[in-house]
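Structure file start_31.cif (mmCIF, C-alpha atoms and all ligand atoms) follows.
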```cif
data_protein
#
loop_
_atom_site.label_atom_id
_atom_site.label_comp_id
_atom_site.auth_asym_id
_atom_site.auth_seq_id
_atom_site.Cartn_x
_atom_site.Cartn_y
_atom_site.Cartn_z
CA MET F 6 16.54 0.05 2.08
CA LEU F 7 15.69 -1.20 -1.43
CA ARG F 8 13.66 1.05 -3.72
CA SER F 9 10.84 -0.84 -5.38
CA ILE F 10 10.27 1.59 -8.27
CA ALA F 11 12.64 3.76 -10.29
CA TYR F 12 11.74 6.02 -13.21
CA HIS F 13 14.21 6.25 -16.10
CA GLY F 14 12.38 8.34 -18.72
CA ASP F 15 12.01 5.61 -21.32
CA HIS F 16 11.22 2.84 -18.82
CA VAL F 17 10.12 2.14 -15.26
CA ARG F 18 12.22 -0.30 -13.27
CA ILE F 19 10.12 -2.39 -10.91
CA LEU F 20 11.46 -4.68 -8.20
CA ASP F 21 9.68 -8.02 -8.71
CA GLN F 22 8.17 -8.57 -5.25
CA GLN F 23 6.90 -11.99 -6.30
CA ARG F 24 10.51 -13.20 -6.50
CA LEU F 25 11.46 -11.95 -3.03
CA PRO F 26 12.95 -12.87 -0.62
CA HIS F 27 15.34 -15.16 -2.47
CA ASP F 28 15.79 -13.40 -5.81
CA THR F 29 16.29 -9.66 -6.29
CA VAL F 30 15.07 -9.24 -9.85
CA TYR F 31 13.92 -6.08 -11.63
CA VAL F 32 11.41 -5.81 -14.47
CA HIS F 33 12.05 -3.10 -17.08
CA CYS F 34 8.70 -1.79 -18.29
CA THR F 35 8.54 0.30 -21.44
CA THR F 36 4.75 0.11 -21.97
CA THR F 37 1.62 0.65 -19.92
CA ALA F 38 0.72 -2.98 -20.63
CA GLU F 39 3.90 -4.16 -18.90
CA VAL F 40 3.21 -1.98 -15.86
CA TRP F 41 -0.45 -3.14 -15.82
CA GLU F 42 0.78 -6.74 -15.75
CA CYS F 43 3.23 -5.98 -12.91
CA ILE F 44 0.42 -4.45 -10.85
CA LYS F 45 -2.05 -7.25 -11.61
CA ALA F 46 0.50 -9.96 -10.82
CA LEU F 47 1.59 -8.18 -7.61
CA LYS F 48 5.16 -7.77 -8.84
CA VAL F 49 4.60 -4.26 -7.59
CA ARG F 50 2.09 -4.08 -4.74
CA GLY F 51 1.11 -1.98 -1.77
CA ALA F 52 -1.28 0.93 -2.20
CA PRO F 53 1.23 3.82 -2.55
CA ALA F 54 3.58 1.75 -4.73
CA ILE F 55 0.96 0.82 -7.30
CA GLY F 56 -0.08 4.47 -7.54
CA MET F 57 3.53 5.48 -8.19
CA ALA F 58 4.09 2.71 -10.73
CA ALA F 59 0.97 3.74 -12.65
CA ALA F 60 1.97 7.43 -12.59
CA PHE F 61 5.40 6.55 -14.00
CA ALA F 62 3.76 4.34 -16.62
CA LEU F 63 1.92 7.43 -17.88
CA ALA F 64 5.18 9.39 -17.93
CA VAL F 65 6.93 6.69 -19.98
CA TRP F 66 3.93 6.48 -22.31
CA ALA F 67 3.99 10.29 -22.73
CA ASN F 68 7.69 10.30 -23.54
CA ARG F 69 7.15 7.67 -26.21
CA ALA F 70 3.92 9.09 -27.69
CA SER F 71 4.46 10.52 -31.17
CA THR F 72 1.45 12.84 -31.63
CA THR F 73 2.03 16.59 -31.54
CA ASN F 74 -1.69 17.40 -31.30
CA LEU F 75 -2.56 18.23 -27.69
CA THR F 76 -6.23 17.18 -27.94
CA ASP F 77 -5.28 13.77 -29.36
CA PHE F 78 -2.48 13.42 -26.81
CA LEU F 79 -4.80 14.11 -23.84
CA ALA F 80 -7.51 11.79 -25.20
CA SER F 81 -4.94 8.98 -25.51
CA LEU F 82 -3.56 9.80 -22.05
CA ARG F 83 -7.05 9.35 -20.58
CA ARG F 84 -7.39 5.98 -22.33
CA GLU F 85 -4.06 4.86 -20.85
CA ARG F 86 -5.26 6.11 -17.46
CA ASP F 87 -8.45 4.04 -17.69
CA TYR F 88 -6.50 0.97 -18.75
CA LEU F 89 -4.04 1.23 -15.84
CA ALA F 90 -6.95 1.89 -13.46
CA SER F 91 -8.42 -1.50 -14.43
CA SER F 92 -5.47 -3.42 -12.98
CA ARG F 93 -6.66 -3.58 -9.34
CA PRO F 94 -9.87 -2.17 -7.82
CA THR F 95 -9.38 -1.68 -4.09
CA ALA F 96 -6.37 0.54 -3.34
CA VAL F 97 -7.54 4.09 -3.99
CA ASN F 98 -3.98 5.39 -4.40
CA LEU F 99 -3.96 3.91 -7.90
CA PHE F 100 -6.81 6.17 -9.04
CA TRP F 101 -5.59 9.09 -6.95
CA ALA F 102 -2.15 9.05 -8.58
CA LEU F 103 -3.46 8.53 -12.11
CA ASP F 104 -5.99 11.34 -11.77
CA ARG F 105 -3.40 13.66 -10.32
CA VAL F 106 -1.15 13.13 -13.33
CA VAL F 107 -3.98 13.49 -15.87
CA ALA F 108 -5.26 16.68 -14.20
CA ARG F 109 -1.77 18.15 -14.32
CA ALA F 110 -1.33 17.30 -18.00
CA ALA F 111 -4.67 18.95 -18.79
CA THR F 112 -3.18 22.33 -17.81
CA ALA F 113 -0.59 22.16 -20.63
CA THR F 114 -0.74 24.33 -23.73
CA ASN F 115 1.22 21.92 -25.94
CA VAL F 116 2.42 18.30 -25.96
CA THR F 117 6.00 19.10 -24.98
CA GLU F 118 4.78 20.93 -21.90
CA ALA F 119 2.30 18.15 -21.12
CA ARG F 120 5.10 15.55 -21.17
CA GLN F 121 7.14 17.62 -18.74
CA LEU F 122 4.18 18.20 -16.40
CA ILE F 123 3.37 14.48 -16.37
CA GLU F 124 6.93 13.57 -15.49
CA ASN F 125 7.14 16.26 -12.81
CA GLU F 126 3.88 15.15 -11.24
CA ALA F 127 4.84 11.47 -11.16
CA LEU F 128 8.20 12.31 -9.58
CA ALA F 129 6.46 14.61 -7.07
CA ILE F 130 4.12 11.79 -6.02
CA GLN F 131 7.12 9.58 -5.30
CA LYS F 132 9.04 12.28 -3.43
CA GLU F 133 6.01 13.27 -1.35
CA ASP F 134 5.33 9.65 -0.44
CA GLU F 135 8.77 9.30 1.12
CA ASP F 136 8.10 12.35 3.26
CA VAL F 137 4.57 11.16 4.11
CA CYS F 138 5.83 7.77 5.25
CA ARG F 139 8.49 9.29 7.45
CA ARG F 140 5.91 11.55 9.09
CA ILE F 141 3.57 8.62 9.64
CA GLY F 142 6.48 6.80 11.24
CA GLU F 143 7.13 9.72 13.61
CA HIS F 144 3.50 9.86 14.70
CA ALA F 145 3.28 6.08 15.08
CA LEU F 146 6.48 6.00 17.12
CA SER F 147 4.93 8.49 19.55
CA LEU F 148 2.40 5.77 20.43
CA MET F 149 5.11 3.24 21.28
CA ASN F 150 7.59 2.69 24.08
CA ASP F 151 11.08 1.25 24.15
CA GLY F 152 10.75 -2.53 24.40
CA ASP F 153 7.31 -2.75 22.79
CA THR F 154 6.30 -5.60 20.50
CA ILE F 155 3.82 -5.02 17.69
CA LEU F 156 1.83 -7.43 15.56
CA THR F 157 1.29 -6.76 11.86
CA ILE F 158 -0.10 -8.40 8.73
CA CYS F 159 0.84 -8.29 5.05
CA ASN F 160 3.56 -5.84 4.08
CA ALA F 161 3.21 -2.13 4.64
CA GLY F 162 6.96 -1.61 4.51
CA ALA F 163 9.45 0.32 2.39
CA ILE F 164 8.85 -1.67 -0.79
CA ALA F 165 5.09 -0.98 -0.61
CA THR F 166 5.84 2.75 -0.71
CA ALA F 167 8.55 5.18 -1.83
CA ARG F 168 10.51 4.53 1.38
CA TYR F 169 9.98 3.61 5.08
CA GLY F 170 6.52 2.12 4.55
CA THR F 171 3.49 3.03 6.61
CA ALA F 172 2.84 0.44 9.33
CA LEU F 173 6.52 -0.54 9.40
CA ALA F 174 7.82 3.05 9.40
CA PRO F 175 7.97 3.32 13.22
CA LEU F 176 10.11 0.18 13.33
CA TYR F 177 12.61 1.70 10.89
CA LEU F 178 12.70 5.00 12.76
CA ALA F 179 13.04 3.26 16.12
CA LYS F 180 16.00 1.30 14.79
CA GLU F 181 17.67 4.52 13.57
CA ARG F 182 17.27 5.98 17.08
CA GLY F 183 18.35 3.00 19.12
CA ILE F 184 14.82 2.35 20.42
CA HIS F 185 14.08 -1.37 20.68
CA LEU F 186 10.83 -2.38 19.00
CA SER F 187 10.15 -5.93 17.89
CA ALA F 188 7.47 -7.41 15.68
CA TYR F 189 5.36 -10.48 15.08
CA ALA F 190 4.46 -10.81 11.39
CA CYS F 191 1.48 -12.82 10.18
CA GLU F 192 2.54 -14.83 7.13
CA THR F 193 -0.50 -13.50 5.22
CA ARG F 194 -2.11 -16.26 3.19
CA PRO F 195 -2.48 -16.81 0.36
CA LEU F 196 0.38 -14.82 -1.21
CA LEU F 197 2.63 -14.60 1.86
CA GLN F 198 3.48 -10.90 1.81
CA GLY F 199 4.13 -11.22 5.56
CA SER F 200 6.66 -14.04 5.48
CA ARG F 201 8.26 -13.21 2.14
CA LEU F 202 8.35 -9.42 2.40
CA THR F 203 7.80 -8.10 5.93
CA VAL F 204 10.07 -10.61 7.63
CA TRP F 205 12.72 -10.10 4.96
CA GLU F 206 12.51 -6.29 5.13
CA LEU F 207 12.68 -6.16 8.91
CA GLN F 208 15.57 -8.63 9.01
CA GLN F 209 17.45 -6.45 6.50
CA ALA F 210 16.90 -3.48 8.83
CA GLY F 211 18.06 -5.44 11.87
CA VAL F 212 14.64 -5.38 13.52
CA ASP F 213 13.76 -8.32 15.76
CA VAL F 214 10.90 -10.08 13.93
CA THR F 215 9.08 -13.36 14.55
CA LEU F 216 6.96 -15.07 11.92
CA ILE F 217 3.60 -16.65 12.74
CA SER F 218 1.01 -18.22 10.49
CA ASP F 219 -2.25 -16.31 10.34
CA ASN F 220 -4.15 -18.82 12.48
CA MET F 221 -1.67 -18.27 15.33
CA ALA F 222 -2.69 -14.64 15.87
CA ALA F 223 -5.20 -15.30 18.67
CA HIS F 224 -2.79 -17.53 20.58
CA THR F 225 0.00 -15.00 20.08
CA LEU F 226 -2.16 -12.18 21.46
CA ALA F 227 -3.16 -14.42 24.37
CA THR F 228 0.35 -15.48 25.31
CA LYS F 229 2.84 -12.85 24.14
CA PRO F 230 3.28 -9.26 25.33
CA ILE F 231 1.87 -7.58 22.22
CA SER F 232 1.58 -3.83 22.81
CA ALA F 233 -0.29 -2.96 19.63
CA VAL F 234 -1.48 -4.23 16.29
CA ILE F 235 -0.50 -1.91 13.46
CA VAL F 236 -1.49 -2.39 9.83
CA GLY F 237 -1.40 -0.55 6.52
CA CYS F 238 -4.45 0.07 4.38
CA ASP F 239 -5.66 0.14 0.80
CA ARG F 240 -8.64 2.44 1.21
CA VAL F 241 -10.12 4.27 4.18
CA ALA F 242 -13.75 5.34 3.72
CA ALA F 243 -15.00 8.74 4.87
CA ASN F 244 -16.29 7.26 8.14
CA GLY F 245 -12.98 5.53 8.94
CA ASP F 246 -13.93 2.01 7.84
CA THR F 247 -10.74 0.53 6.45
CA ALA F 248 -9.98 -1.99 3.71
CA ASN F 249 -6.74 -3.85 4.18
CA LYS F 250 -5.29 -7.27 3.44
CA ILE F 251 -7.59 -10.19 4.07
CA GLY F 252 -7.20 -11.24 7.70
CA THR F 253 -7.01 -7.70 9.06
CA LEU F 254 -10.61 -7.71 10.29
CA GLY F 255 -9.91 -10.82 12.34
CA LEU F 256 -6.90 -9.13 13.94
CA ALA F 257 -8.98 -6.05 14.77
CA ILE F 258 -11.65 -8.14 16.50
CA LEU F 259 -8.98 -10.06 18.39
CA ALA F 260 -7.23 -6.85 19.42
CA LYS F 261 -10.46 -5.57 20.93
CA GLU F 262 -11.02 -8.83 22.78
CA PHE F 263 -7.49 -8.77 24.20
CA GLY F 264 -7.53 -5.05 25.02
CA VAL F 265 -4.71 -4.23 22.62
CA PRO F 266 -4.83 -1.01 20.55
CA PHE F 267 -5.44 -1.51 16.84
CA TYR F 268 -3.78 1.15 14.68
CA VAL F 269 -4.15 1.87 10.96
CA ALA F 270 -1.24 3.70 9.31
CA ALA F 271 -2.83 5.70 6.49
CA PRO F 272 -1.40 8.29 4.12
CA LEU F 273 -4.03 10.91 3.28
CA SER F 274 -3.83 9.63 -0.30
CA THR F 275 -5.41 6.38 0.93
CA ILE F 276 -8.35 8.17 2.55
CA ASP F 277 -11.25 8.32 0.12
CA LEU F 278 -13.94 10.80 1.12
CA GLU F 279 -15.92 9.83 -1.99
CA THR F 280 -16.55 6.42 -0.46
CA ALA F 281 -18.96 6.95 2.40
CA THR F 282 -18.54 3.67 4.30
CA GLY F 283 -16.67 0.41 4.08
CA ASP F 284 -19.64 -1.29 2.40
CA ALA F 285 -18.95 0.76 -0.73
CA ILE F 286 -15.28 -0.22 -1.03
CA PRO F 287 -14.80 -2.59 -4.00
CA ILE F 288 -13.11 -5.74 -2.79
CA GLU F 289 -10.81 -7.47 -5.25
CA GLU F 290 -11.35 -11.19 -5.74
CA ARG F 291 -8.37 -13.02 -7.15
CA ALA F 292 -7.77 -16.27 -9.00
CA PRO F 293 -8.81 -19.53 -7.24
CA GLU F 294 -5.36 -21.00 -7.94
CA GLU F 295 -3.87 -18.67 -5.32
CA ILE F 296 -5.61 -20.92 -2.75
CA THR F 297 -5.95 -24.28 -4.52
CA HIS F 298 -2.26 -24.35 -5.44
CA PHE F 299 0.96 -23.73 -3.55
CA HIS F 300 4.03 -22.96 -5.67
CA GLY F 301 2.23 -24.51 -8.63
CA HIS F 302 1.31 -27.70 -6.76
CA PRO F 303 -2.37 -28.49 -6.13
CA VAL F 304 -3.29 -28.52 -2.42
CA ALA F 305 -7.07 -28.96 -2.87
CA PRO F 306 -9.19 -31.35 -4.92
CA SER F 307 -9.54 -30.17 -8.51
CA GLY F 308 -12.78 -28.30 -9.13
CA THR F 309 -13.00 -27.04 -5.54
CA ASN F 310 -15.23 -23.97 -5.11
CA VAL F 311 -13.13 -21.04 -3.97
CA PHE F 312 -13.80 -17.61 -2.47
CA ASN F 313 -10.61 -15.56 -2.62
CA PRO F 314 -11.13 -11.95 -1.52
CA ALA F 315 -7.82 -10.09 -1.33
CA PHE F 316 -9.05 -7.62 1.29
CA ASP F 317 -11.52 -7.24 4.11
CA VAL F 318 -13.05 -4.18 5.73
CA THR F 319 -12.55 -3.32 9.38
CA PRO F 320 -15.40 -1.18 10.73
CA HIS F 321 -14.12 2.02 12.33
CA ARG F 322 -15.42 1.00 15.76
CA TYR F 323 -12.54 -1.50 16.01
CA ILE F 324 -9.89 1.08 15.13
CA SER F 325 -8.15 2.74 18.08
CA ALA F 326 -6.46 5.35 15.88
CA ILE F 327 -5.73 6.21 12.27
CA ILE F 328 -2.18 7.49 11.94
CA THR F 329 -1.70 9.95 9.06
CA GLU F 330 1.19 12.17 8.03
CA LYS F 331 -0.71 15.11 9.52
CA GLY F 332 -1.39 13.56 12.87
CA ILE F 333 -3.29 10.88 14.75
CA VAL F 334 -7.07 10.62 14.59
CA ARG F 335 -8.61 8.72 17.50
CA ASP F 336 -12.35 9.17 17.13
CA ASN F 337 -14.95 11.19 15.29
CA TYR F 338 -13.31 9.87 12.12
CA GLN F 339 -15.86 11.37 9.72
CA GLU F 340 -15.13 14.96 10.69
CA ALA F 341 -11.48 14.54 11.53
CA LEU F 342 -10.55 12.79 8.27
CA ALA F 343 -12.47 15.35 6.20
CA GLY F 344 -10.63 18.13 8.04
CA LEU F 345 -7.23 16.59 7.34
CA LYS F 346 -8.04 15.96 3.68
CA GLN F 347 -9.23 19.53 3.20
CA SER F 348 -5.87 20.88 4.24
CA GLU F 349 -4.09 18.88 1.48
CA PRO F 350 -1.64 19.38 -0.13
CA ALA F 351 0.86 20.51 2.48
CA LEU F 352 3.94 18.61 1.44
CA LYS F 353 5.24 20.63 -1.47
C1 LIG B 401 1.45 0.37 2.49
S1 LIG B 401 0.00 -0.26 1.83
C2 LIG B 401 0.22 -1.94 1.96
C3 LIG B 401 -1.01 -2.64 1.71
O1 LIG B 401 -0.95 -3.33 0.47
C4 LIG B 401 -1.34 -4.63 0.70
O2 LIG B 401 -2.01 -5.26 -0.31
P1 LIG B 401 -1.36 -5.98 -1.58
O3 LIG B 401 -0.14 -6.72 -1.17
O4 LIG B 401 -2.44 -6.89 -2.06
O5 LIG B 401 -1.07 -4.86 -2.56
C5 LIG B 401 -2.00 -4.68 2.03
O6 LIG B 401 -3.34 -4.64 2.08
C6 LIG B 401 -1.22 -3.66 2.78
O7 LIG B 401 -1.66 -3.15 3.95
#
```

Please rewrite the model in this file as structure tokens.
Ligand SMILES: CSC[C@H]1O[C@H](OP(=O)(O)O)[C@H](O)[C@@H]1O
Amino acid sequence: MLRSIAYHGDHVRILDQQRLPHDTVYVHCTTTAEVWECIKALKVRGAPAIGMAAAFALAVWANRASTTNLTDFLASLRRERDYLASSRPTAVNLFWALDRVVARAATATNVTEARQLIENEALAIQKEDEDVCRRIGEHALSLMNDGDTILTICNAGAIATARYGTALAPLYLAKERGIHLSAYACETRPLLQGSRLTVWELQQAGVDVTLISDNMAAHTLATKPISAVIVGCDRVAANGDTANKIGTLGLAILAKEFGVPFYVAAPLSTIDLETATGDAIPIEERAPEEITHFHGHPVAPSGTNVFNPAFDVTPHRYISAIITEKGIVRDNYQEALAGLKQSEPALK
């Protein structure tokens, strides 16, 4: 299982997910600007992974910062935090990780201690995420039977997290245990995280995976024995409404129509109680060229009007269960999610 992010004190090494599946290339980032660019350009992507990358960016910045005045150091740290937070708006893990690191640094009594606390916190976020993903995988696997086939979209696999992934975690665990699960992966237009990343990851793990284009989902649900749809998420509102990769809402509506359970695999770090409902989740809109061009070649008339939202919001009524590291929530999301969040942190 490849690791998408590694911290090396004076730099962060990021697996360039835009070059996958054919090239395994790493970017060495020594500045927050380089990490910002990697997040913006989706070289590192997936809600937990961008949070980790940003946390490590602060650690690298701290190690390189020359001031010995704690007040100046913390003021600069907050500026770097705000800058990194401007890279992408939807996945709440980015802000969660940055704020966790800044809050930790604010407890220091001098700059040397602050540097150490920042590094420790960033490493803790990565370590906890691996544990969280494994637990999500265990819970998700309890909803599946030997021989099941799931449908997924985008990539919520190992490279979107510290390890195992969220929606793909049960497939990894099943493989380890000799349980046969197979998957259909939507290609995920426009940036093809499904075909480039999910199919590649599952093939590497020896999981039986079949690629479909996004517009084949209804026909696939109508004609293939799909046991469940399982997806990752970028932000879950307090009432359970869930933002995930564009196309997810369509899958949720289809799942309901075909009587197939629709599961969201969600670390508690992705659940945002400050956002009351899905309407309040900021939805990133990306460059028109992601749709008007394919591998640099125009596929639409020049000057075409484009709407390119990167995410959509699935209302909680379509969600059969939200699978967290602390258990499975099936209904009454508002109360249940608040209860689970209150009991954080439990993974020290
Ligand atoms: C494990 S979270 C994965 C999450 O990230 C994706 O978005 P993006 O590739 O734009 O970062 C997507 O919405 C996935 O569910």

Which residues of chain F have any atom within 6 Å of an atom in ligand LIG 401 (chain B) when counting all atoms listed in the file, and what is the closest pair of atoms for each, with the distance in Å to one decimal? Order the rows by chain and rising number and write it as a Markdown table.
```
| residue | atom | partner | partner_atom | distance |
| --- | --- | --- | --- | --- |
| F:Arg50 | CA | B:LIG401 | O5 | 3.9 |
| F:Gly51 | CA | B:LIG401 | O1 | 3.3 |
| F:Ala52 | CA | B:LIG401 | S1 | 4.4 |
| F:Cys159 | CA | B:LIG401 | C5 | 5.5 |
| F:Asn160 | CA | B:LIG401 | C6 | 5.4 |
| F:Ala161 | CA | B:LIG401 | C1 | 3.7 |
| F:Ala165 | CA | B:LIG401 | C1 | 5.0 |
| F:Thr166 | CA | B:LIG401 | C1 | 5.9 |
| F:Gly170 | CA | B:LIG401 | C1 | 5.7 |
| F:Thr171 | CA | B:LIG401 | C1 | 5.3 |
| F:Val236 | CA | B:LIG401 | O7 | 5.9 |
| F:Gly237 | CA | B:LIG401 | O7 | 3.7 |
| F:Cys238 | CA | B:LIG401 | O7 | 4.3 |
| F:Asp239 | CA | B:LIG401 | O6 | 5.5 |
| F:Asn249 | CA | B:LIG401 | O6 | 4.1 |
| F:Lys250 | CA | B:LIG401 | O6 | 3.5 |
```

- Message: as a ChimeraX atom specification, please: the residues near Asp134 in chain F (cut-off 8 Å, all atoms listed in the file, same-chain neighbours under 3 positions excluded).
- Response: /F:53,130-131,137-138,166-168

- Query: At what distance in Å, to one decimal, does CA of Phe100 in chain F lie from CA of Arg18 in chain F?
  - Reply: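 Spanning CA of Arg18 in chain F to CA of Phe100 in chain F is a straight-line distance of 20.5 Å.
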
- Query: Neighbours of range 37-49 of chain F within 8 Å (only C-alpha atoms; same-chain residues fewer than 5 positions away dropped), as number ranges by chain?
  - Reply: F: 9, 19-24, 54-55, 58-59, 62-63, 66, 85, 88-89, 92-93, 165

- Fewer than 6 positions away in the same chain doesn't count, so skip those; otherwise give me all residues within 9 Å of Ala243 in chain F, counting only C-alpha atoms, as a ChimeraX atom specification. /F:276-283,338-340,342-343

- Message: Show me, as a list in words, the residues that have an atom within 12 Å of Thr309 in chain F when counting all atoms listed in the file, minus same-chain residues fewer than 4 positions from it.
- Response: Pro293, Glu294, Ile296, Thr297, His298, Pro303, Val304 and Ala305 of chain F

- Item | Distance of CA of Leu146 in chain F from CA of Gly344 in chain F, expressed in Å to one decimal place |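 Between these atoms lies a distance of 22.9 Å.
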
- Message: Please report the interatomic distance between CA of Val265 in chain F and CA of Gly332 in chain F in Å with one decimal.
- Response: 20.6 Å

- Task: Find the residue from F:Asp104, F:Glu133, F:Asp151, F:Asp219 that sits nearest to Glu192 in chain F; use only C-alpha atoms when measuring.
- Result: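 Among F:Asp104, F:Glu133, F:Asp151, F:Asp219, it is F:Asp219 that comes nearest to Glu192 in chain F.
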
- Message: Using all atoms listed in the file for the distances, tell me which of F:Gln198, F:Asn68, F:Ser147, F:Ser348 is nearest to Ile328 in chain F.
- Response: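 Closest candidate: F:Ser147.
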
For Pro230 in chain F, work out the shell of residues within 9 Å, counting only C-alpha atoms and skipping chain neighbours fewer than 3 positions away, then give it as a PDB file with C-alpha atoms, keeping the file's coordinate frame.
```pdb
ATOM      1  CA  ASP F 153       7.310  -2.750  22.790  1.00  0.00           C
ATOM      2  CA  THR F 154       6.300  -5.600  20.500  1.00  0.00           C
ATOM      3  CA  ILE F 155       3.820  -5.020  17.690  1.00  0.00           C
ATOM      4  CA  THR F 225       0.000 -15.000  20.080  1.00  0.00           C
ATOM      5  CA  LEU F 226      -2.160 -12.180  21.460  1.00  0.00           C
ATOM      6  CA  ALA F 227      -3.160 -14.420  24.370  1.00  0.00           C
TER       7      ALA F 227
END
```

- Given the choices F:Pro175, F:Gly162, F:Gly14, F:Gly308, which gets closest to Arg120 in chain F if the distance is worked out from only C-alpha atoms?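 Result for the nearest residue to Arg120 in chain F: F:Gly14.
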
- Using all atoms listed in the file, the residue out of F:Thr193, F:Thr157, F:Thr36, F:Ser274 with shortest distance to Phe316 in chain F is F:Thr193

- For Tyr189 in chain F, the nearest of the candidates F:Val234, F:Leu148, F:Ile141, F:Val241, counting only C-alpha atoms: F:Val234
